[in-house]
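Peer 1: Got my_file37.cif for you, mmCIF, C-alpha atoms:
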```cif
data_structure
#
loop_
_atom_site.label_atom_id
_atom_site.label_comp_id
_atom_site.auth_asym_id
_atom_site.auth_seq_id
_atom_site.Cartn_x
_atom_site.Cartn_y
_atom_site.Cartn_z
CA MET A 8 -51.45 -25.43 12.49
CA SER A 9 -48.86 -25.07 15.25
CA SER A 10 -47.44 -28.00 17.19
CA ALA A 11 -49.56 -26.96 20.15
CA ASN A 12 -52.69 -27.16 18.02
CA GLN A 13 -51.54 -30.53 16.72
CA GLN A 14 -51.30 -31.76 20.28
CA GLU A 15 -54.86 -30.62 20.94
CA ALA A 16 -56.00 -32.39 17.77
CA ASN A 17 -54.34 -35.63 18.91
CA PRO A 18 -55.23 -36.13 22.57
CA SER A 19 -54.01 -39.72 22.63
CA THR A 20 -51.85 -42.17 20.76
CA LEU A 21 -54.51 -44.87 20.56
CA GLY A 22 -55.16 -44.39 16.87
CA PRO A 23 -54.61 -41.97 14.00
CA ARG A 24 -57.33 -39.70 12.73
CA HIS A 25 -55.69 -38.95 9.38
CA VAL A 26 -53.63 -41.52 7.46
CA ALA A 27 -51.71 -40.81 4.25
CA ILE A 28 -50.42 -43.56 1.99
CA ILE A 29 -47.71 -43.52 -0.67
CA MET A 30 -48.95 -46.31 -2.93
CA ASP A 31 -45.73 -47.76 -4.35
CA GLY A 32 -44.89 -51.01 -6.10
CA ASN A 33 -47.49 -51.39 -8.86
CA GLY A 34 -44.88 -51.64 -11.61
CA ARG A 35 -42.71 -54.16 -9.79
CA TRP A 36 -45.77 -56.22 -8.92
CA ALA A 37 -46.74 -56.39 -12.58
CA LYS A 38 -43.18 -57.25 -13.61
CA ARG A 39 -43.21 -60.22 -11.25
CA GLN A 40 -46.36 -61.37 -13.04
CA GLY A 41 -44.60 -61.00 -16.39
CA LYS A 42 -47.03 -58.25 -17.44
CA LEU A 43 -46.95 -54.55 -18.34
CA ARG A 44 -46.80 -51.90 -15.61
CA VAL A 45 -50.35 -50.76 -16.34
CA PHE A 46 -51.56 -54.19 -15.21
CA GLY A 47 -50.15 -53.38 -11.78
CA HIS A 48 -51.90 -50.02 -11.73
CA LYS A 49 -55.21 -51.72 -12.47
CA ALA A 50 -54.60 -54.23 -9.68
CA GLY A 51 -53.79 -51.31 -7.39
CA VAL A 52 -57.31 -49.95 -7.77
CA LYS A 53 -58.58 -52.95 -5.81
CA SER A 54 -56.20 -52.09 -2.99
CA VAL A 55 -57.53 -48.54 -2.99
CA ARG A 56 -61.02 -49.90 -2.58
CA ARG A 57 -59.91 -52.11 0.34
CA ALA A 58 -58.02 -49.25 2.01
CA VAL A 59 -60.97 -46.86 1.77
CA SER A 60 -63.35 -49.45 3.18
CA PHE A 61 -60.97 -50.23 6.04
CA ALA A 62 -60.47 -46.54 6.84
CA ALA A 63 -64.21 -45.90 6.90
CA ASN A 64 -64.93 -48.96 9.02
CA ASN A 65 -62.26 -47.89 11.52
CA HIS A 66 -63.73 -44.38 11.76
CA LEU A 67 -60.76 -42.44 10.42
CA ASP A 68 -61.47 -38.79 9.72
CA ALA A 69 -59.40 -38.72 6.55
CA LEU A 70 -57.42 -40.93 4.18
CA THR A 71 -55.04 -39.33 1.69
CA LEU A 72 -53.65 -41.38 -1.18
CA TYR A 73 -50.70 -40.38 -3.36
CA ALA A 74 -52.01 -41.35 -6.79
CA PHE A 75 -49.93 -39.28 -9.22
CA SER A 76 -47.05 -36.99 -8.34
CA SER A 77 -45.96 -33.94 -10.30
CA GLU A 78 -42.83 -35.90 -11.19
CA ASN A 79 -44.80 -38.82 -12.67
CA TRP A 80 -45.20 -36.91 -15.94
CA ASN A 81 -41.62 -38.03 -16.65
CA ARG A 82 -42.76 -41.62 -17.04
CA PRO A 83 -43.26 -43.13 -20.53
CA VAL A 84 -46.10 -41.48 -22.46
CA GLN A 85 -47.99 -44.76 -22.82
CA GLU A 86 -47.96 -45.36 -19.06
CA VAL A 87 -49.10 -41.81 -18.25
CA SER A 88 -51.93 -42.09 -20.79
CA ALA A 89 -53.00 -45.39 -19.29
CA LEU A 90 -52.95 -43.89 -15.80
CA MET A 91 -55.11 -40.97 -16.89
CA GLU A 92 -57.65 -43.29 -18.48
CA LEU A 93 -57.62 -45.48 -15.38
CA PHE A 94 -58.28 -42.40 -13.26
CA VAL A 95 -61.32 -41.51 -15.36
CA ARG A 96 -62.70 -45.02 -15.19
CA ALA A 97 -62.11 -45.25 -11.45
CA LEU A 98 -64.01 -42.02 -10.85
CA ASP A 99 -66.89 -43.23 -13.02
CA SER A 100 -67.08 -46.63 -11.34
CA GLU A 101 -66.39 -45.75 -7.71
CA VAL A 102 -67.90 -42.34 -6.97
CA LYS A 103 -71.49 -43.59 -6.59
CA SER A 104 -70.35 -46.19 -4.09
CA LEU A 105 -68.34 -43.59 -2.19
CA HIS A 106 -71.38 -41.34 -2.06
CA LYS A 107 -73.58 -44.20 -0.88
CA HIS A 108 -71.17 -44.85 2.00
CA ASN A 109 -71.06 -41.17 3.03
CA VAL A 110 -67.46 -40.64 1.85
CA ARG A 111 -66.42 -37.14 0.78
CA LEU A 112 -64.03 -37.23 -2.19
CA ARG A 113 -61.54 -34.47 -2.84
CA VAL A 114 -58.66 -34.25 -5.30
CA ILE A 115 -55.65 -32.23 -4.19
CA GLY A 116 -53.01 -31.02 -6.62
CA ASP A 117 -52.75 -28.95 -9.78
CA ILE A 118 -55.43 -30.54 -11.94
CA SER A 119 -55.15 -27.86 -14.66
CA ARG A 120 -52.73 -30.06 -16.58
CA PHE A 121 -55.28 -32.85 -16.89
CA SER A 122 -57.57 -33.22 -19.86
CA THR A 123 -60.88 -31.35 -19.84
CA ARG A 124 -62.62 -34.73 -19.67
CA LEU A 125 -60.77 -35.72 -16.51
CA GLN A 126 -61.21 -32.32 -14.89
CA GLU A 127 -64.96 -32.54 -15.47
CA ARG A 128 -65.05 -35.99 -13.84
CA ILE A 129 -63.15 -34.65 -10.84
CA HIS A 130 -65.43 -31.64 -10.37
CA ARG A 131 -68.54 -33.78 -10.80
CA SER A 132 -67.34 -36.33 -8.25
CA GLU A 133 -66.39 -33.68 -5.70
CA GLN A 134 -69.73 -31.92 -6.06
CA LEU A 135 -71.68 -35.16 -5.65
CA THR A 136 -69.96 -36.01 -2.36
CA GLU A 137 -69.18 -32.57 -0.93
CA ASN A 138 -71.89 -32.68 1.75
CA ASN A 139 -71.01 -36.14 3.04
CA ASP A 140 -69.72 -36.11 6.61
CA GLY A 141 -68.08 -39.52 6.90
CA LEU A 142 -64.54 -40.32 5.80
CA THR A 143 -62.81 -37.66 3.71
CA LEU A 144 -60.88 -39.33 0.90
CA ASN A 145 -58.19 -37.12 -0.59
CA ILE A 146 -56.62 -38.20 -3.87
CA ALA A 147 -53.30 -36.45 -4.49
CA ALA A 148 -53.05 -36.12 -8.28
CA ASN A 149 -50.41 -34.03 -10.05
CA TYR A 150 -49.46 -33.16 -6.52
CA GLY A 151 -46.09 -32.20 -5.07
CA GLY A 152 -45.30 -31.04 -1.56
CA ARG A 153 -43.09 -28.22 -2.83
CA TRP A 154 -45.82 -27.08 -5.23
CA ASP A 155 -48.27 -27.07 -2.34
CA ILE A 156 -46.09 -24.81 -0.20
CA ILE A 157 -45.22 -22.53 -3.11
CA GLN A 158 -48.86 -21.92 -4.02
CA GLY A 159 -49.52 -20.98 -0.41
CA VAL A 160 -46.55 -18.59 -0.38
CA ARG A 161 -47.80 -16.97 -3.59
CA GLU A 162 -51.17 -16.25 -1.99
CA LEU A 163 -49.46 -14.53 0.92
CA ALA A 164 -47.15 -12.64 -1.46
CA GLU A 165 -50.17 -11.31 -3.33
CA GLN A 166 -51.63 -10.03 -0.06
CA VAL A 167 -48.34 -8.30 0.76
CA LYS A 168 -48.29 -6.79 -2.74
CA ASP A 169 -51.84 -5.50 -2.28
CA GLY A 170 -50.96 -3.97 1.06
CA VAL A 171 -53.35 -6.23 2.94
CA LEU A 172 -50.57 -8.04 4.78
CA HIS A 173 -47.21 -6.91 6.17
CA PRO A 174 -44.28 -9.33 5.78
CA ASP A 175 -43.81 -9.37 9.56
CA GLN A 176 -47.34 -10.76 9.90
CA ILE A 177 -46.55 -13.91 7.92
CA SER A 178 -46.62 -16.84 10.31
CA GLU A 179 -46.69 -20.60 10.36
CA GLU A 180 -50.43 -20.43 11.01
CA LEU A 181 -51.11 -18.16 8.02
CA LEU A 182 -49.17 -20.35 5.62
CA GLY A 183 -50.68 -23.48 7.14
CA GLU A 184 -54.13 -22.16 6.28
CA ARG A 185 -53.17 -21.99 2.59
CA VAL A 186 -51.76 -25.44 1.95
CA CYS A 187 -53.96 -28.35 0.92
CA MET A 188 -56.18 -29.99 3.54
CA SER A 189 -55.81 -27.13 6.01
CA ASP A 190 -59.39 -27.74 7.16
CA LEU A 191 -58.71 -31.36 8.13
CA SER A 192 -57.06 -32.91 11.16
CA PRO A 193 -53.26 -33.16 10.77
CA VAL A 194 -51.73 -36.22 9.16
CA ASP A 195 -50.89 -38.61 11.99
CA LEU A 196 -49.48 -41.55 10.06
CA VAL A 197 -47.77 -41.94 6.69
CA ILE A 198 -47.60 -45.44 5.22
CA ARG A 199 -45.33 -46.24 2.28
CA THR A 200 -45.58 -49.58 0.52
CA GLY A 201 -43.04 -51.15 -1.81
CA GLY A 202 -39.98 -51.19 0.43
CA GLU A 203 -38.65 -47.71 -0.29
CA HIS A 204 -37.83 -45.44 2.66
CA ARG A 205 -38.43 -41.92 1.39
CA ILE A 206 -41.18 -39.31 1.24
CA SER A 207 -40.99 -38.47 -2.49
CA ASN A 208 -42.21 -34.87 -2.18
CA PHE A 209 -45.47 -35.91 -0.52
CA LEU A 210 -47.26 -33.58 1.93
CA LEU A 211 -44.02 -31.97 3.10
CA TRP A 212 -45.84 -29.39 5.23
CA GLN A 213 -48.62 -31.63 6.51
CA ILE A 214 -46.46 -34.52 7.78
CA ALA A 215 -44.06 -32.47 9.91
CA TYR A 216 -45.11 -34.40 13.04
CA ALA A 217 -46.49 -37.56 11.45
CA GLU A 218 -45.29 -41.04 12.28
CA LEU A 219 -43.77 -42.96 9.36
CA TYR A 220 -44.42 -46.63 8.59
CA PHE A 221 -42.65 -48.49 5.80
CA THR A 222 -43.57 -51.93 4.50
CA ASP A 223 -42.07 -54.16 1.81
CA VAL A 224 -45.57 -55.15 0.68
CA LEU A 225 -46.22 -53.97 -2.87
CA TRP A 226 -49.34 -51.84 -3.25
CA PRO A 227 -51.50 -54.39 -5.13
CA ASP A 228 -50.94 -56.77 -2.18
CA PHE A 229 -51.84 -54.15 0.44
CA ASP A 230 -54.86 -55.41 2.35
CA GLU A 231 -56.69 -54.99 5.64
CA LEU A 232 -54.12 -57.01 7.59
CA VAL A 233 -51.25 -54.81 6.44
CA PHE A 234 -53.28 -51.66 7.19
CA GLU A 235 -54.14 -52.99 10.64
CA GLY A 236 -50.47 -53.77 11.24
CA ALA A 237 -49.59 -50.16 10.50
CA LEU A 238 -52.25 -48.91 12.93
CA ASN A 239 -50.99 -51.29 15.60
CA ALA A 240 -47.45 -50.03 15.11
CA PHE A 241 -48.72 -46.46 15.38
CA ALA A 242 -50.40 -47.26 18.69
CA GLN A 243 -47.00 -48.26 20.11
CA ARG A 244 -45.33 -44.96 19.22
CA GLU A 245 -44.77 -42.15 21.72
CA ARG A 246 -45.71 -38.90 20.05
CA ARG A 247 -44.04 -35.84 21.58
CA PHE A 248 -44.44 -33.14 18.88
CA GLY A 249 -41.09 -31.65 19.82
CA GLY A 250 -41.76 -31.87 23.55
CA THR A 251 -40.48 -34.25 26.21
CA THR A 252 -43.75 -35.81 27.35
CA PRO A 253 -45.71 -38.20 25.14
CA ILE A 254 -49.09 -36.80 24.15
CA GLY A 255 -51.80 -38.15 26.41
CA ALA A 256 -49.40 -38.77 29.30
CA ASN A 257 -49.52 -36.80 32.53
CA ALA A 258 -46.53 -34.56 33.04
CA SER A 259 -44.66 -35.30 36.25
#
```
In structure tokens, how does this file's structure come out?

Peer 2:
Amino acid sequence: MSSANQQEANPSTLGPRHVAIIMDGNGRWAKRQGKLRVFGHKAGVKSVRRAVSFAANNHLDALTLYAFSSENWNRPVQEVSALMELFVRALDSEVKSLHKHNVRLRVIGDISRFSTRLQERIHRSEQLTENNDGLTLNIAANYGGRWDIIQGVRELAEQVKDGVLHPDQISEELLGERVCMSDLSPVDLVIRTGGEHRISNFLLWQIAYAELYFTDVLWPDFDELVFEGALNAFAQRERRFGGTTPIGANAS
């Protein structure tokens, strides 16, 4: 989607339609409790539940959560295994509630590396909620922003190879249609918990014009007040999308 289209999708700065969150700090939170990192991941599930409820109650179009990056496979085997099992259990325990509250669940990323058991849970959960028209909850799992762009480029390259597309026809719009979440409103706000100030290969294409909000709060402590604080900070920003006039303001 071009910057002009993004402006049309965001007629005012009163509130974001699509929020993405980098959920950081589970391990450090657990360490402060004198417990294993997996304990922090389990506590983080409660924060996910709070965030989803808050997003739905505040009428966001979409909430995207960075659950497991393509680089997270480099973590200790025991932690990765625990995360995979936690993912399965979370899908089993939460999807009925999501469906009841009209939330559409989607998992973005390369799920082919996951176990057959987990892939089945993902497909089952997506199918159950696919017709819901409330909040869209995107879970980024085995996701990387570079991977996302590359898979889109490969699709276009195949079309060029087949003679369907000429290289000169490749545009920002064409590639934008082939990255994850191309059917949703653009990401307006990225929140990162845990005190780090970096993007970590998250939604590199989709957040080109997003506002960034960083908080020292560790993810298991992320609650409605912190979320509301991020939305309030967003409301104070002037979004120009590369232009000189804030969106929603009258040009003089």

Peer 1: Between A:Ala148, A:Leu225, A:Leu210, A:Val233, which residue has the minimum interatomic distance to Trp80 in chain A, considering only C-alpha atoms?

Peer 2: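 Nearest candidate to Trp80 in chain A out of A:Ala148, A:Leu225, A:Leu210, A:Val233: A:Ala148.
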
Peer 1: Have a look at CA of Gly201 in chain A and CA of Gly47 in chain A and let me know their distance in Å, one decimal.

Peer 2: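 Computing it gives 12.4 Å between the two atoms.
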
Peer 1: Quote the spacing between CA of Ala89 in chain A and CA of Arg39 in chain A in Å to one decimal place.

Peer 2: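 Here the two named atoms are 19.5 Å from each other.
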
Peer 1: Translate the PyMOL selection byres ((chain A and resi 105) around 12), as applied to the file shown, into an explicit residue set as a PyMOL selection string.

Peer 2: chain A and resi 55-56+59-60+63+97-104+106-113+132-133+135-137+139-144

Peer 1: List as a Markdown table every residue of range 59-169 of chain A that is in contact with range 234-241 of chain A, defined as an atom at most 10 Å from one of its atoms (using all atoms listed in the file), together with the nearest atom pair and the distance in Å rounded to one decimal, sorted by chain and then rising number.

Peer 2:
```
| residue | atom | partner | partner_atom | distance |
| --- | --- | --- | --- | --- |
| A:Phe61 | CA | A:Phe234 | CA | 7.9 |
| A:Ala62 | CA | A:Phe234 | CA | 8.8 |
| A:Asn65 | CA | A:Glu235 | CA | 9.6 |
```

Peer 1: What is the distance between CA of Glu162 in chain A and CA of Leu182 in chain A, in Å to one decimal?

Peer 2: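 Interatomic distance, CA of Glu162 in chain A to CA of Leu182 in chain A: 8.9 Å.
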
Peer 1: Which residues come within 6 Å of Thr200 in chain A, counting all atoms listed in the file, excluding same-chain residues fewer than 2 positions away, as an mmCIF file with C-alpha atoms, in the coordinates of the input?

Peer 2:
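Saved as result-v1.cif:
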```cif
data_model
loop_
_atom_site.group_PDB
_atom_site.id
_atom_site.type_symbol
_atom_site.label_atom_id
_atom_site.label_comp_id
_atom_site.auth_asym_id
_atom_site.auth_seq_id
_atom_site.Cartn_x
_atom_site.Cartn_y
_atom_site.Cartn_z
ATOM 1 C CA MET A 30 -48.950 -46.310 -2.930
ATOM 2 C CA ASP A 31 -45.730 -47.760 -4.350
ATOM 3 C CA GLY A 202 -39.980 -51.190 0.430
ATOM 4 C CA THR A 222 -43.570 -51.930 4.500
ATOM 5 C CA ASP A 223 -42.070 -54.160 1.810
ATOM 6 C CA VAL A 224 -45.570 -55.150 0.680
ATOM 7 C CA LEU A 225 -46.220 -53.970 -2.870
ATOM 8 C CA TRP A 226 -49.340 -51.840 -3.250
#
```

Peer 1: Got a sec: who's within 8 Å of Asp195 in chain A, counting only C-alpha atoms, leaving out chain neighbours fewer than 6 positions off, as a ChimeraX atom specification?

Peer 2: /A:23-26,214,216-218

Peer 1: I need the residue set behind the PyMOL selection byres ((chain A and resi 92) around 12) for this file; please write it as a PyMOL selection string.

Peer 2: chain A and resi 45+48-49+85-91+93-99+121-122+124-125+128

Peer 1: I need the output of the PyMOL selection byres ((chain A and resi 147) around 10) for this file as a list of chain:residue names; which residues are they?

Peer 2: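 So the PyMOL selection byres ((chain A and resi 147) around 10), applied here, picks out A:Ala27, A:Ile29, A:Thr71, A:Leu72, A:Tyr73, A:Ala74, A:Phe75, A:Ser76, A:Ser77, A:Arg113, A:Val114, A:Ile115, A:Gly116, A:Asp117, A:Ile118, A:Leu144, A:Asn145, A:Ile146, A:Ala148, A:Asn149, A:Tyr150, A:Gly151, A:Cys187, A:Phe209, A:Leu210.
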
Peer 1: Show me the residues close to (-46.7, -29.0, 1.6) - anything with an atom within 9 Å, counting all atoms listed in the file - and format the list as a list of chain:residue names.

Peer 2: A:Gly151, A:Gly152, A:Arg153, A:Trp154, A:Asp155, A:Ile156, A:Ile157, A:Gly159, A:Gly183, A:Val186, A:Cys187, A:Asn208, A:Phe209, A:Leu210, A:Leu211, A:Trp212, A:Gln213, A:Ile214

Peer 1: May I have the residues within 10 Å of Ala37 in chain A as number ranges by chain, using all atoms listed in the file and disregarding those fewer than 3 positions away in the same chain?

Peer 2: A: 32-34, 40-50, 227

Peer 1: Identify which of the residues A:Phe229, A:Tyr220, A:Leu163, A:Arg185 lies closest to Gln243 in chain A, counting all atoms listed in the file when measuring atom-to-atom distances.

Peer 2: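 Closest residue, counting all atoms listed in the file: A:Tyr220.
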
Peer 1: Taking all atoms of range 80-98 of chain A that the file lists, what box with edges along x, y and z, padded by 4 Å per side, do you get, with centre and edge lengths in Å to one decimal, as AutoDock Vina command-line options?

Peer 2:
```
--center_x -52.8 --center_y -41.2 --center_z -16.8 --size_x 30.4 --size_y 16.6 --size_z 20.0
```
